>>> print(open('query13.pdb').read())   # PDB, C-alpha atoms
ATOM      1  CA  MET X   1      -3.585  -4.995  16.348  1.00  0.00           C
ATOM      2  CA  ALA X   2       0.014  -3.805  16.113  1.00  0.00           C
ATOM      3  CA  PHE X   3       1.364  -0.710  14.424  1.00  0.00           C
ATOM      4  CA  ILE X   4       4.770  -0.751  12.787  1.00  0.00           C
ATOM      5  CA  GLY X   5       6.587   1.526  10.393  1.00  0.00           C
ATOM      6  CA  ASN X   6       7.206   5.254  10.429  1.00  0.00           C
ATOM      7  CA  GLU X   7       4.051   6.077  12.406  1.00  0.00           C
ATOM      8  CA  ARG X   8       3.495   4.338  15.709  1.00  0.00           C
ATOM      9  CA  GLN X   9      -0.231   4.887  15.830  1.00  0.00           C
ATOM     10  CA  ILE X  10      -3.081   5.731  13.569  1.00  0.00           C
ATOM     11  CA  SER X  11      -5.649   7.523  15.705  1.00  0.00           C
ATOM     12  CA  VAL X  12      -8.719   8.155  13.593  1.00  0.00           C
ATOM     13  CA  ALA X  13      -9.238   7.596   9.896  1.00  0.00           C
ATOM     14  CA  HIS X  14     -10.726  10.701   8.337  1.00  0.00           C
ATOM     15  CA  ARG X  15     -12.611  10.764   5.067  1.00  0.00           C
ATOM     16  CA  GLN X  16     -11.016  13.246   2.717  1.00  0.00           C
ATOM     17  CA  ASP X  17     -12.672  14.772  -0.335  1.00  0.00           C
ATOM     18  CA  TYR X  18     -10.440  15.797  -3.196  1.00  0.00           C
ATOM     19  CA  ALA X  19     -11.134  18.153  -6.071  1.00  0.00           C
ATOM     20  CA  VAL X  20     -10.769  16.421  -9.433  1.00  0.00           C
ATOM     21  CA  SER X  21      -9.342  18.458 -12.309  1.00  0.00           C
ATOM     22  CA  GLU X  22     -11.659  19.407 -15.166  1.00  0.00           C
ATOM     23  CA  GLU X  23      -9.820  17.174 -17.637  1.00  0.00           C
ATOM     24  CA  LEU X  24     -10.542  14.125 -15.462  1.00  0.00           C
ATOM     25  CA  ASN X  25     -14.203  15.138 -15.152  1.00  0.00           C
ATOM     26  CA  ALA X  26     -14.777  14.953 -18.904  1.00  0.00           C
ATOM     27  CA  GLY X  27     -17.838  12.967 -19.943  1.00  0.00           C
ATOM     28  CA  SER X  28     -17.702  10.168 -22.468  1.00  0.00           C
ATOM     29  CA  GLY X  29     -19.483  10.799 -25.753  1.00  0.00           C
ATOM     30  CA  GLU X  30     -21.533   7.609 -25.512  1.00  0.00           C
ATOM     31  CA  THR X  31     -22.704   7.485 -21.903  1.00  0.00           C
ATOM     32  CA  ASP X  32     -21.753  10.943 -20.585  1.00  0.00           C
ATOM     33  CA  LYS X  33     -20.420   9.239 -17.415  1.00  0.00           C
ATOM     34  CA  VAL X  34     -17.437  10.803 -15.671  1.00  0.00           C
ATOM     35  CA  ILE X  35     -14.127   9.368 -16.843  1.00  0.00           C
ATOM     36  CA  ARG X  36     -11.532   8.882 -14.113  1.00  0.00           C
ATOM     37  CA  SER X  37      -8.734   7.333 -16.105  1.00  0.00           C
ATOM     38  CA  GLY X  38      -5.846   8.266 -18.313  1.00  0.00           C
ATOM     39  CA  VAL X  39      -2.494   7.324 -19.691  1.00  0.00           C
ATOM     40  CA  PRO X  40       0.082   6.578 -16.963  1.00  0.00           C
ATOM     41  CA  SER X  41       2.884   9.103 -16.815  1.00  0.00           C
ATOM     42  CA  SER X  42       5.182   7.085 -14.538  1.00  0.00           C
ATOM     43  CA  THR X  43       5.554   3.725 -12.831  1.00  0.00           C
ATOM     44  CA  PHE X  44       7.602   3.058  -9.677  1.00  0.00           C
ATOM     45  CA  TRP X  45       8.283   0.059  -7.467  1.00  0.00           C
ATOM     46  CA  HIS X  46       9.315  -0.248  -3.843  1.00  0.00           C
ATOM     47  CA  PHE X  47       9.619  -3.040  -1.263  1.00  0.00           C
ATOM     48  CA  GLU X  48       9.850  -3.351   2.518  1.00  0.00           C
ATOM     49  CA  ASP X  49      11.275  -6.399   4.352  1.00  0.00           C
ATOM     50  CA  PHE X  50      10.562  -6.984   8.048  1.00  0.00           C
ATOM     51  CA  ASN X  51       9.715  -9.650  10.640  1.00  0.00           C
ATOM     52  CA  PHE X  52       6.166  -9.826  11.914  1.00  0.00           C
ATOM     53  CA  HIS X  53       3.066 -11.893  12.616  1.00  0.00           C
ATOM     54  CA  GLY X  54      -0.547 -10.879  13.203  1.00  0.00           C
ATOM     55  CA  ASP X  55      -2.516  -7.869  11.962  1.00  0.00           C
ATOM     56  CA  PHE X  56      -0.518  -4.700  11.238  1.00  0.00           C
ATOM     57  CA  PHE X  57      -0.393  -1.268   9.630  1.00  0.00           C
ATOM     58  CA  LEU X  58       2.765  -0.234   7.802  1.00  0.00           C
ATOM     59  CA  THR X  59       3.370   3.317   6.588  1.00  0.00           C
ATOM     60  CA  VAL X  60       6.048   4.057   4.005  1.00  0.00           C
ATOM     61  CA  ARG X  61       7.028   7.539   2.864  1.00  0.00           C
ATOM     62  CA  LEU X  62       8.175   8.039  -0.691  1.00  0.00           C
ATOM     63  CA  PRO X  63       8.846  11.270  -2.586  1.00  0.00           C
ATOM     64  CA  THR X  64       5.657  13.075  -3.607  1.00  0.00           C
ATOM     65  CA  ALA X  65       6.856  12.818  -7.221  1.00  0.00           C
ATOM     66  CA  GLN X  66       6.214   9.068  -6.851  1.00  0.00           C
ATOM     67  CA  VAL X  67       3.055   9.001  -4.695  1.00  0.00           C
ATOM     68  CA  ASN X  68      -0.013  11.215  -4.548  1.00  0.00           C
ATOM     69  CA  SER X  69      -3.664  10.800  -3.595  1.00  0.00           C
ATOM     70  CA  PHE X  70      -4.560   9.627  -7.106  1.00  0.00           C
ATOM     71  CA  SER X  71      -1.714   7.105  -7.463  1.00  0.00           C
ATOM     72  CA  GLN X  72      -2.744   3.574  -8.312  1.00  0.00           C
ATOM     73  CA  VAL X  73      -0.932   1.361  -5.782  1.00  0.00           C
ATOM     74  CA  ALA X  74      -0.878  -2.440  -5.815  1.00  0.00           C
ATOM     75  CA  VAL X  75       0.747  -4.255  -2.883  1.00  0.00           C
ATOM     76  CA  SER X  76       1.544  -7.941  -2.541  1.00  0.00           C
ATOM     77  CA  ILE X  77       2.968  -9.843   0.424  1.00  0.00           C
ATOM     78  CA  CYS X  78       5.211 -12.918   0.535  1.00  0.00           C
ATOM     79  CA  GLU X  79       7.402 -14.826   2.945  1.00  0.00           C
ATOM     80  CA  LEU X  80      11.204 -14.686   2.639  1.00  0.00           C
ATOM     81  CA  ASN X  81      13.581 -17.569   3.262  1.00  0.00           C
ATOM     82  CA  SER X  82      16.776 -17.183   5.297  1.00  0.00           C
ATOM     83  CA  ASP X  83      18.572 -15.843   2.195  1.00  0.00           C
ATOM     84  CA  GLY X  84      15.903 -13.184   1.599  1.00  0.00           C
ATOM     85  CA  ILE X  85      14.408 -15.005  -1.397  1.00  0.00           C
ATOM     86  CA  PRO X  86      10.582 -14.874  -1.755  1.00  0.00           C
ATOM     87  CA  PHE X  87       8.688 -18.157  -1.458  1.00  0.00           C
ATOM     88  CA  ILE X  88       5.233 -19.461  -0.564  1.00  0.00           C
ATOM     89  CA  GLY X  89       5.334 -21.190   2.800  1.00  0.00           C
ATOM     90  CA  ASN X  90       2.610 -22.573   5.054  1.00  0.00           C
ATOM     91  CA  ALA X  91       1.588 -19.213   6.509  1.00  0.00           C
ATOM     92  CA  LYS X  92      -1.421 -17.460   5.000  1.00  0.00           C
ATOM     93  CA  MET X  93      -0.720 -13.757   4.343  1.00  0.00           C
ATOM     94  CA  GLU X  94      -3.129 -11.043   3.247  1.00  0.00           C
ATOM     95  CA  VAL X  95      -3.071  -7.395   2.218  1.00  0.00           C
ATOM     96  CA  HIS X  96      -6.382  -5.886   3.374  1.00  0.00           C
ATOM     97  CA  ASN X  97      -6.243  -2.175   2.497  1.00  0.00           C
ATOM     98  CA  VAL X  98      -3.921   0.223   0.684  1.00  0.00           C
ATOM     99  CA  ALA X  99      -4.260   4.025   0.899  1.00  0.00           C
ATOM    100  CA  PRO X 100      -1.955   6.458  -0.958  1.00  0.00           C
ATOM    101  CA  HIS X 101      -1.795  10.032   0.365  1.00  0.00           C
ATOM    102  CA  GLY X 102      -0.849  13.358  -1.198  1.00  0.00           C
ATOM    103  CA  ASP X 103       2.202  13.775   1.033  1.00  0.00           C
ATOM    104  CA  GLY X 104       3.986  10.665  -0.299  1.00  0.00           C
ATOM    105  CA  ARG X 105       2.699   8.218   2.340  1.00  0.00           C
ATOM    106  CA  ILE X 106       1.274   4.802   1.544  1.00  0.00           C
ATOM    107  CA  ILE X 107      -0.521   3.095   4.424  1.00  0.00           C
ATOM    108  CA  VAL X 108      -1.023  -0.656   4.173  1.00  0.00           C
ATOM    109  CA  ARG X 109      -3.083  -2.865   6.453  1.00  0.00           C
ATOM    110  CA  ALA X 110      -2.114  -6.529   6.190  1.00  0.00           C
ATOM    111  CA  GLU X 111      -1.959  -9.735   8.186  1.00  0.00           C
ATOM    112  CA  VAL X 112       0.434 -12.654   8.636  1.00  0.00           C
ATOM    113  CA  HIS X 113      -1.472 -15.691   9.946  1.00  0.00           C
ATOM    114  CA  TRP X 114       1.251 -17.419  11.957  1.00  0.00           C
ATOM    115  CA  GLY X 115       2.011 -17.912  15.647  1.00  0.00           C
ATOM    116  CA  SER X 116       5.481 -16.337  15.577  1.00  0.00           C
ATOM    117  CA  ASN X 117       7.356 -13.744  13.561  1.00  0.00           C
ATOM    118  CA  LEU X 118       8.159 -14.536   9.939  1.00  0.00           C
ATOM    119  CA  LYS X 119      10.375 -12.619   7.561  1.00  0.00           C
ATOM    120  CA  VAL X 120       8.013 -11.033   5.018  1.00  0.00           C
ATOM    121  CA  ARG X 121       8.173  -8.613   2.086  1.00  0.00           C
ATOM    122  CA  LEU X 122       5.628  -6.095   0.906  1.00  0.00           C
ATOM    123  CA  ASN X 123       6.040  -5.341  -2.831  1.00  0.00           C
ATOM    124  CA  TYR X 124       4.625  -2.063  -4.170  1.00  0.00           C
ATOM    125  CA  ILE X 125       3.805  -1.065  -7.756  1.00  0.00           C
ATOM    126  CA  ILE X 126       2.886   2.627  -8.020  1.00  0.00           C
ATOM    127  CA  VAL X 127       1.399   4.097 -11.181  1.00  0.00           C
ATOM    128  CA  ASN X 128       0.744   7.803 -11.747  1.00  0.00           C
TER     129      ASN X 128
END
>>> encode(input="query13.pdb", output="structure tokens")
Amino acid sequence: MAFIGNERQISVAHRQDYAVSEELNAGSGETDKVIRSGVPSSTFWHFEDFNFHGDFFLTVRLPTAQVNSFSQVAVSICELNSDGIPFIGNAKMEVHNVAPHGDGRIIVRAEVHWGSNLKVRLNYIIVN
């Protein structure tokens, strides 16, 4: 497994427990289950282009106004042609895990199933 991006290695993944504000712990009137949802206050996008193949971790750092531990982050991956235009080629590509952090980091684990480096793009949608 290779590590690329701002951090060259990820040593040990630690489980972190976060306190949830009282307003997010409100119970529903019908089921009294905890509600962990709300109206989005902001939406951001970001992308990273690079050459790679195999399994990798990529860490991006964005301002904490855009990313926090409760951000909803969706990441997609695609191949780029020689002009930098996204397309679907013969290589299978997968995003495995996405983890937003309170300090503005988003760590992505993904894989490019190909025998040599391909130009790829990770697209991020971040909702707070």
>>> resolve_selection(input="query13.pdb", expression="the PyMOL selection byres ((chain X and resi 94) around 9)", output="number ranges by chain")
X: 76-78, 92-93, 95-96, 109-113
>>> residues_around(input="query13.pdb", residues="Gly115 of chain X", least_positions_apart="2", cutoff="10 Å", atoms="all atoms listed in the file", output="PDB file with C-alpha atoms, in the frame of the given file")
ATOM      1  CA  PHE X  52       6.166  -9.826  11.914  1.00  0.00           C
ATOM      2  CA  HIS X  53       3.066 -11.893  12.616  1.00  0.00           C
ATOM      3  CA  GLY X  54      -0.547 -10.879  13.203  1.00  0.00           C
ATOM      4  CA  ALA X  91       1.588 -19.213   6.509  1.00  0.00           C
ATOM      5  CA  VAL X 112       0.434 -12.654   8.636  1.00  0.00           C
ATOM      6  CA  HIS X 113      -1.472 -15.691   9.946  1.00  0.00           C
ATOM      7  CA  ASN X 117       7.356 -13.744  13.561  1.00  0.00           C
ATOM      8  CA  LEU X 118       8.159 -14.536   9.939  1.00  0.00           C
TER       9      LEU X 118
END
>>> closest_residue(input="query13.pdb", among="X:Ser42, X:Thr64, X:Asn123, X:Ser37", to="Glu79 of chain X", atoms="only C-alpha atoms")
X:Asn123
>>> atom_distance(input="query13.pdb", atom1="atom CA of Ile107 of chain X", atom2="atom CA of Gly89 of chain X")
25.0 Å
>>> resolve_selection(input="query13.pdb", expression="the PyMOL selection byres ((chain X and resi 43) around 9)", output="number ranges by chain")
X: 40-42, 44-45, 66, 125-128
>>> axis_aligned_box(input="query13.pdb", around="segment 40-46 of chain X", padding_each_side="4 Å", output="JSON")
{"center_x": 4.7, "center_y": 4.4, "center_z": -10.4, "size_x": 17.2, "size_y": 17.4, "size_z": 21.1}
>>> resolve_selection(input="query13.pdb", expression="the PyMOL selection byres ((chain X and resi 100-102) around 8)", output="ChimeraX atom specification")
/X:64,67-73,98-99,103-107
>>> residues_around(input="query13.pdb", residues="Arg121 of chain X", least_positions_apart="4", cutoff="10 Å", atoms="all atoms listed in the file", output="PyMOL selection string")
chain X and resi 47-51+75-80+84-86
>>> atom_distance(input="query13.pdb", atom1="atom CA of Leu122 of chain X", atom2="atom CA of Ala74 of chain X")
10.0 Å
>>> closest_residue(input="query13.pdb", among="X:His46, X:Gly38, X:Ile88, X:Asp55", to="Trp114 of chain X", atoms="all atoms listed in the file")
X:Asp55
>>> atom_distance(input="query13.pdb", atom1="atom CA of Asp83 of chain X", atom2="atom CA of Val60 of chain X")
23.6 Å
